[in-house]
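Visitor: First, the structure itself, so that you have it in front of you.
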Amino acid sequence: GLPARVRIHEVGARDGLQNEKAVVPVEVKAEFVGRLAGAGLSTIEATSFVHPKWVPQLADAEELYPRVAALPVALPVLVPNERGLDRALALGARRVAVFASATESFARANLNRTVDESLAMFAPVVARAKAAGVHVRGYLSMCFGDPWEGAVPVARVVRVCRALKELGCDEISLGDTIGVATPGHVTALLDALTAGGVPVDTLAVHFHDTYGQALANTLAALQRGVSTVDASAGGLGGCPYAKSATGNLATEDLVWMLRGLGIDTGVDLDRLVATSVWMAAHLGRPSPSRTVRALSHD
Ligand code: HMG
Ligand code: MG
């Protein structure tokens, strides 16, 4: 069966905008987050407290977060290390996310660490966040394929996923960072994780749409009981440290499918499409989302 309700974890303002060549002005980012909340999204990843040289697009996190903090939604932020956690806690963040990799190549490219060194870097972050009553998401990137290493063995993903769980992460988001997953692979990975002691109700899925499989992969995950799905308004996104990663699954495409399946999301699709059309105008190119194109009237 399928879940009765799906929680959408909106990543457009973070995963989307981190990959834009142009730096979007902070006022536009704040309006984007506000409009997403107005469209009914209840979890909106706002920004990242990473090194500003590594992701200059989000170097304005200190300016952005206070502008959106009062919105009545959950506003998770990325924190790679204790320095990032300190910055997020200083602004009152109540949800943070660390981000690990299933592969050594991406751990090096994205975090300048081995996989185990990055887990060691996260350990005090998760412990301190939990002690402060802050919800912790653990991202796990390259769960299916890696641009340098090719196909990623399921056993490797299970190992790092279990390690994130043992650190104390409340939720783990399985990332198909470069968008190479197909539905059979998704099912095989979820079955291996369940067999490895990672309960499916602690998992989220995070698909990029490089090969047009993100929605099919999502349906495969829903059929295995996953009920938290990451998506990006208008299909914005990618990762600056993963060559060939394209946009995330578009939130509009996800909402259209879920609506057809009778699954409640609380999202007003017309308001969301209007938001993505507005953002596309700021970015100077149309949204790649098929649903945005089908439902926009200009
Ligand atoms: P490093 O160069 O090893 O840093 O980078 P370090 O620990 O050696 O520190 C060097 C200097 O940076 C120090 O300053 C630190 O204070 C400073 P100094 O003492 O030399 O003056 N520093 C910081 N400053 C501000 N904020 C911080 C911070 N940390 C250190 N948080 C580091 C290591 C982790 C910092 C770096 O690699 C980094 O910032 N990486 C972030 C990369 C990133 O954000 N990638 C995108 C997100 S992941 C993603 O998109 C995938 C996802 O969507 C899921 C999927 O699709 O798979 C989540
Ligand atoms: Mg991503």
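FYI, nothing fancy with the structure tokens labels: chains A, B, ... in order, residues from 1 per chain, ligands from 1 as they appear.
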Which residues are near ligand 2 in this structure, taking near to mean any atom at most 8 Å from a ligand atom and counting only C-alpha atoms and all ligand atoms? Format them as a list in words.
Guide: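 The distance check yields Asp15, Ser141, Gly175, Asp176, Thr177, His206, Phe207, His208, Gly237, Gly238, Cys239 and Asn248 of chain A.
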Visitor: Using only C-alpha atoms, which residues sit within 10 Å of Asp191 (chain A) once same-chain residues fewer than 5 positions away are excluded, as a ChimeraX atom specification?
Guide: /A:154,185-186,196,198,200,224
Visitor: Mind writing the picked residues with C-alpha atoms as an mmCIF file, in the first residue's frame?
Guide:
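The file below, selection.cif, is the result:
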```
data_model
loop_
_atom_site.group_PDB
_atom_site.id
_atom_site.type_symbol
_atom_site.label_atom_id
_atom_site.label_comp_id
_atom_site.auth_asym_id
_atom_site.auth_seq_id
_atom_site.Cartn_x
_atom_site.Cartn_y
_atom_site.Cartn_z
ATOM 1 C CA VAL A 154 24.169 -1.275 -1.597
ATOM 2 C CA HIS A 185 17.580 -0.085 -7.482
ATOM 3 C CA VAL A 186 15.501 2.014 -5.072
ATOM 4 C CA GLY A 196 20.089 -3.968 8.046
ATOM 5 C CA VAL A 198 17.195 0.923 9.517
ATOM 6 C CA VAL A 200 11.756 2.778 6.764
ATOM 7 C CA ARG A 224 8.092 0.474 0.296
#
```
Visitor: Using only C-alpha atoms and all ligand atoms, which residues have at least one atom no more than 7 Å from ligand 1? Output them as a compact mmCIF listing (two decimals) with C-alpha atoms, in the first residue's frame.
Guide:
```txt
# COMPACT_ATOMS: atom_id res chain seq x y z
CA ASP A 15 19.73 22.70 -3.01
CA SER A 48 23.47 26.25 4.64
CA PHE A 49 25.96 27.29 7.30
CA VAL A 50 28.92 25.97 5.33
CA HIS A 51 32.19 27.65 4.43
CA PRO A 52 31.28 30.70 2.30
CA TRP A 54 32.75 26.49 -0.78
CA VAL A 55 29.20 27.66 -1.51
CA VAL A 79 25.62 22.38 9.03
CA PRO A 80 28.79 20.45 8.10
CA ASN A 81 30.65 20.89 11.38
CA ARG A 83 31.37 25.92 13.36
CA GLY A 84 28.26 25.60 11.19
CA PHE A 99 25.56 15.57 5.08
CA ASN A 110 32.30 17.93 -0.83
CA LEU A 111 33.75 17.89 2.68
CA ASN A 112 37.53 17.61 2.22
CA ARG A 113 37.42 14.48 4.40
CA TYR A 139 21.81 13.35 4.37
CA LEU A 140 23.54 10.47 2.66
CA SER A 141 24.76 11.37 -0.82
CA MET A 142 25.73 9.09 -3.72
CA GLY A 175 20.40 11.10 -1.93
CA ASP A 176 20.60 10.20 -5.58
CA THR A 177 22.94 13.14 -6.01
CA HIS A 206 16.09 12.78 -2.31
CA HIS A 208 17.62 14.38 -8.77
CA GLY A 238 22.02 20.32 -8.35
CA CYS A 239 25.23 20.15 -6.41
CA PRO A 240 28.28 22.31 -7.14
CA TYR A 241 30.61 19.50 -6.05
```
Visitor: Among region 138-259 of chain A, which ones does DSSP assign to helix (DSSP H, G or I) (computed from the backbone)? Answer as a ChimeraX atom specification.
Guide: /A:154-167,183-195,200-202,214-223,233-235,251-259
Visitor: Among the residues of region 125-229 of chain A, find those DSSP assigns to strand (DSSP E or B) from the backbone and print them as a ChimeraX atom specification.
Guide: /A:135-141,145-146,150-151,171-176,203-208,228-229
